[in-house]
Structure formats: structure tokens, C-alpha cells
Amino acid sequence: QVRLMERGGGLVEAGGSLRLSCAAAGVNFKISYMDWYRQASGNQRELVAGISSSGGTDYADSVKGRFTISRDNARNTVYLQMNSLKPEDTAVYYCHTDYYGRSNWGQGTQVTVSS
């Protein structure tokens, strides 16, 4: 059974930083593509950033230059460092991975950026 457990959300002022983490269990983490999505109230869930097993990364245009995704294979954990946060970054952030054809999601962590 795949489990993804996010931590690190909270309330921060605009311009501040937060670091999210997602610990994965029940997957071969070293070979898994991991990504972060977010969903703001009333909006569809959108892809924020992804990282391949070899460390290649991809970002949504809205977060390029501000967010950094990374992974620690020894800890089965993926991170999202968020800097220069804006009120429009306010959302529930979800960790995600596709594993053997099934889509797996964490429970989400709330990030709120005040102006």
C-alpha cells in the first residue's frame, strides 16, 4: 500500500518561505517520479513541480525561480522549498506519484500566504 505523508504547511507572510516534505512508503522510491500539485479554493488541481529518479526537474511557469523541488532517496522523501511566496500561492499542496499504473496522493497540507 502506497502512503504519502506531507508536512510543512502553514501561514506565512508574502515574501516569506516554507519547506514542504513528503515521506513515501510502499513504493520503490529510487525509481519513482515524484511531483507536487496544489489546489486553491474553487480551482482545479494544478501541477507545481516534478522530479525524476535521476534528479531532473520540471516546474510550472508560475513558480519558476521561486520554488525548488528536491529528493533524498535515503529518506524516501521529496521536498518543495518555496521562497518569495505570494498570496496567489495559497492552496492545499499535495504530494503525488504514479506507481504501477495507479495514481497515489497524500492527504495534502495547507499553505496560506497573507498579503
# chains A, B, ... in the order shown; residues from 1 in each chain; ligands from 1
call {"tool": "select_by_dssp", "arguments": {"residues": "chain A", "states": "strand (DSSP E)", "output": "PyMOL selection string"}}
result
chain A and resi 3-7+10-13+18-25+34-39+46-51+57-59+67-72+77-82+91-99+102-105+109-114
call {"tool": "write_last_selection", "arguments": {"atoms": "C-alpha atoms", "output": "PDB file, in the first residue's frame"}}
result
ATOM      1  CA  ARG A   3       1.415   6.094   1.540  1.00  0.00           C
ATOM      2  CA  LEU A   4       2.473   9.689   1.001  1.00  0.00           C
ATOM      3  CA  MET A   5       2.692  11.905   4.082  1.00  0.00           C
ATOM      4  CA  GLU A   6       3.132  15.650   3.634  1.00  0.00           C
ATOM      5  CA  ARG A   7       4.377  18.053   6.285  1.00  0.00           C
ATOM      6  CA  GLY A  10       1.351  26.808   7.461  1.00  0.00           C
ATOM      7  CA  LEU A  11       0.679  30.528   7.447  1.00  0.00           C
ATOM      8  CA  VAL A  12       3.374  32.864   6.141  1.00  0.00           C
ATOM      9  CA  GLU A  13       3.539  36.500   5.074  1.00  0.00           C
ATOM     10  CA  LEU A  18       8.181  27.463   3.608  1.00  0.00           C
ATOM     11  CA  ARG A  19       9.584  23.984   3.063  1.00  0.00           C
ATOM     12  CA  LEU A  20       7.240  21.100   2.430  1.00  0.00           C
ATOM     13  CA  SER A  21       8.265  17.481   2.792  1.00  0.00           C
ATOM     14  CA  CYS A  22       6.628  14.266   1.640  1.00  0.00           C
ATOM     15  CA  ALA A  23       7.680  10.917   3.048  1.00  0.00           C
ATOM     16  CA  ALA A  24       6.806   7.950   0.837  1.00  0.00           C
ATOM     17  CA  ALA A  25       6.175   4.363   1.887  1.00  0.00           C
ATOM     18  CA  MET A  34       7.544  12.390  -7.670  1.00  0.00           C
ATOM     19  CA  ASP A  35       5.587  15.580  -8.013  1.00  0.00           C
ATOM     20  CA  TRP A  36       3.797  18.294  -6.117  1.00  0.00           C
ATOM     21  CA  TYR A  37       0.359  19.607  -7.057  1.00  0.00           C
ATOM     22  CA  ARG A  38      -1.724  22.341  -5.481  1.00  0.00           C
ATOM     23  CA  GLN A  39      -5.395  23.208  -5.397  1.00  0.00           C
ATOM     24  CA  GLU A  46      -2.531  22.017 -10.883  1.00  0.00           C
ATOM     25  CA  LEU A  47       0.977  20.646 -11.248  1.00  0.00           C
ATOM     26  CA  VAL A  48       3.604  22.691  -9.405  1.00  0.00           C
ATOM     27  CA  ALA A  49       6.832  20.739  -9.815  1.00  0.00           C
ATOM     28  CA  GLY A  50       8.149  17.264 -10.594  1.00  0.00           C
ATOM     29  CA  ILE A  51      11.408  15.385 -10.130  1.00  0.00           C
ATOM     30  CA  THR A  57      13.170  18.701 -12.534  1.00  0.00           C
ATOM     31  CA  ASP A  58      10.236  20.486 -14.096  1.00  0.00           C
ATOM     32  CA  TYR A  59       8.271  23.487 -12.846  1.00  0.00           C
ATOM     33  CA  PHE A  67      10.309  27.033  -5.832  1.00  0.00           C
ATOM     34  CA  THR A  68      12.810  24.175  -5.771  1.00  0.00           C
ATOM     35  CA  ILE A  69      11.929  20.501  -5.732  1.00  0.00           C
ATOM     36  CA  SER A  70      14.489  18.003  -4.440  1.00  0.00           C
ATOM     37  CA  ARG A  71      14.644  14.448  -3.208  1.00  0.00           C
ATOM     38  CA  ASP A  72      16.541  12.364  -0.642  1.00  0.00           C
ATOM     39  CA  THR A  77      11.425  11.901   0.927  1.00  0.00           C
ATOM     40  CA  VAL A  78      10.735  14.635  -1.601  1.00  0.00           C
ATOM     41  CA  TYR A  79      10.882  18.313  -0.681  1.00  0.00           C
ATOM     42  CA  LEU A  80       9.455  21.548  -2.031  1.00  0.00           C
ATOM     43  CA  GLN A  81      11.317  24.673  -0.969  1.00  0.00           C
ATOM     44  CA  MET A  82       9.085  27.684  -1.567  1.00  0.00           C
ATOM     45  CA  ALA A  91      -3.578  26.401  -1.711  1.00  0.00           C
ATOM     46  CA  VAL A  92      -3.592  22.866  -0.419  1.00  0.00           C
ATOM     47  CA  TYR A  93      -0.385  21.216  -1.624  1.00  0.00           C
ATOM     48  CA  TYR A  94      -0.397  17.520  -2.485  1.00  0.00           C
ATOM     49  CA  CYS A  95       2.388  15.034  -2.998  1.00  0.00           C
ATOM     50  CA  HIS A  96       1.797  12.597  -5.852  1.00  0.00           C
ATOM     51  CA  THR A  97       3.309   9.628  -7.633  1.00  0.00           C
ATOM     52  CA  ASP A  98       2.139   7.174 -10.254  1.00  0.00           C
ATOM     53  CA  TYR A  99       3.152   3.653  -9.254  1.00  0.00           C
ATOM     54  CA  ARG A 102      -2.028   3.795 -10.166  1.00  0.00           C
ATOM     55  CA  SER A 103      -2.163   7.418  -9.121  1.00  0.00           C
ATOM     56  CA  ASN A 104      -1.319   7.973  -5.459  1.00  0.00           C
ATOM     57  CA  TRP A 105      -1.919  11.139  -3.433  1.00  0.00           C
ATOM     58  CA  THR A 109      -1.057  20.301   3.527  1.00  0.00           C
ATOM     59  CA  GLN A 110      -2.463  23.825   3.639  1.00  0.00           C
ATOM     60  CA  VAL A 111      -0.247  26.753   2.666  1.00  0.00           C
ATOM     61  CA  THR A 112      -1.659  30.214   3.325  1.00  0.00           C
ATOM     62  CA  VAL A 113       0.206  33.356   2.265  1.00  0.00           C
ATOM     63  CA  SER A 114      -1.042  36.608   3.739  1.00  0.00           C
TER      64      SER A 114
END
call {"tool": "closest_residue", "arguments": {"among": "A:Ser17, A:Asn28, A:Asn83, A:Gln107", "to": "A:Gln1", "atoms": "only C-alpha atoms"}}
result
A:Asn28
call {"tool": "select_by_dssp", "arguments": {"residues": "stretch 17-114 of chain A", "states": "helix (DSSP H, G or I)", "output": "JSON, numbers by chain"}}
result
{"A": [29, 30, 31, 61, 62, 63, 87, 88, 89]}
call {"tool": "atom_distance", "arguments": {"atom1": "atom CA of A:Ser84", "atom2": "atom CA of A:Arg66"}}
result
6.1 Å
call {"tool": "closest_residue", "arguments": {"among": "A:Ala60, A:Ser52, A:Pro87, A:Tyr100", "to": "A:Ser115", "atoms": "only C-alpha atoms"}}
result
A:Pro87
call {"tool": "closest_residue", "arguments": {"among": "A:Gly56, A:Gly8, A:Arg45, A:Asn73", "to": "A:Ile31", "atoms": "only C-alpha atoms"}}
result
A:Asn73
call {"tool": "atom_distance", "arguments": {"atom1": "atom CA of A:Gly15", "atom2": "atom CA of A:Glu88"}}
result
11.7 Å
call {"tool": "atom_distance", "arguments": {"atom1": "atom CA of A:Gly108", "atom2": "atom CA of A:Tyr33"}}
result
18.0 Å
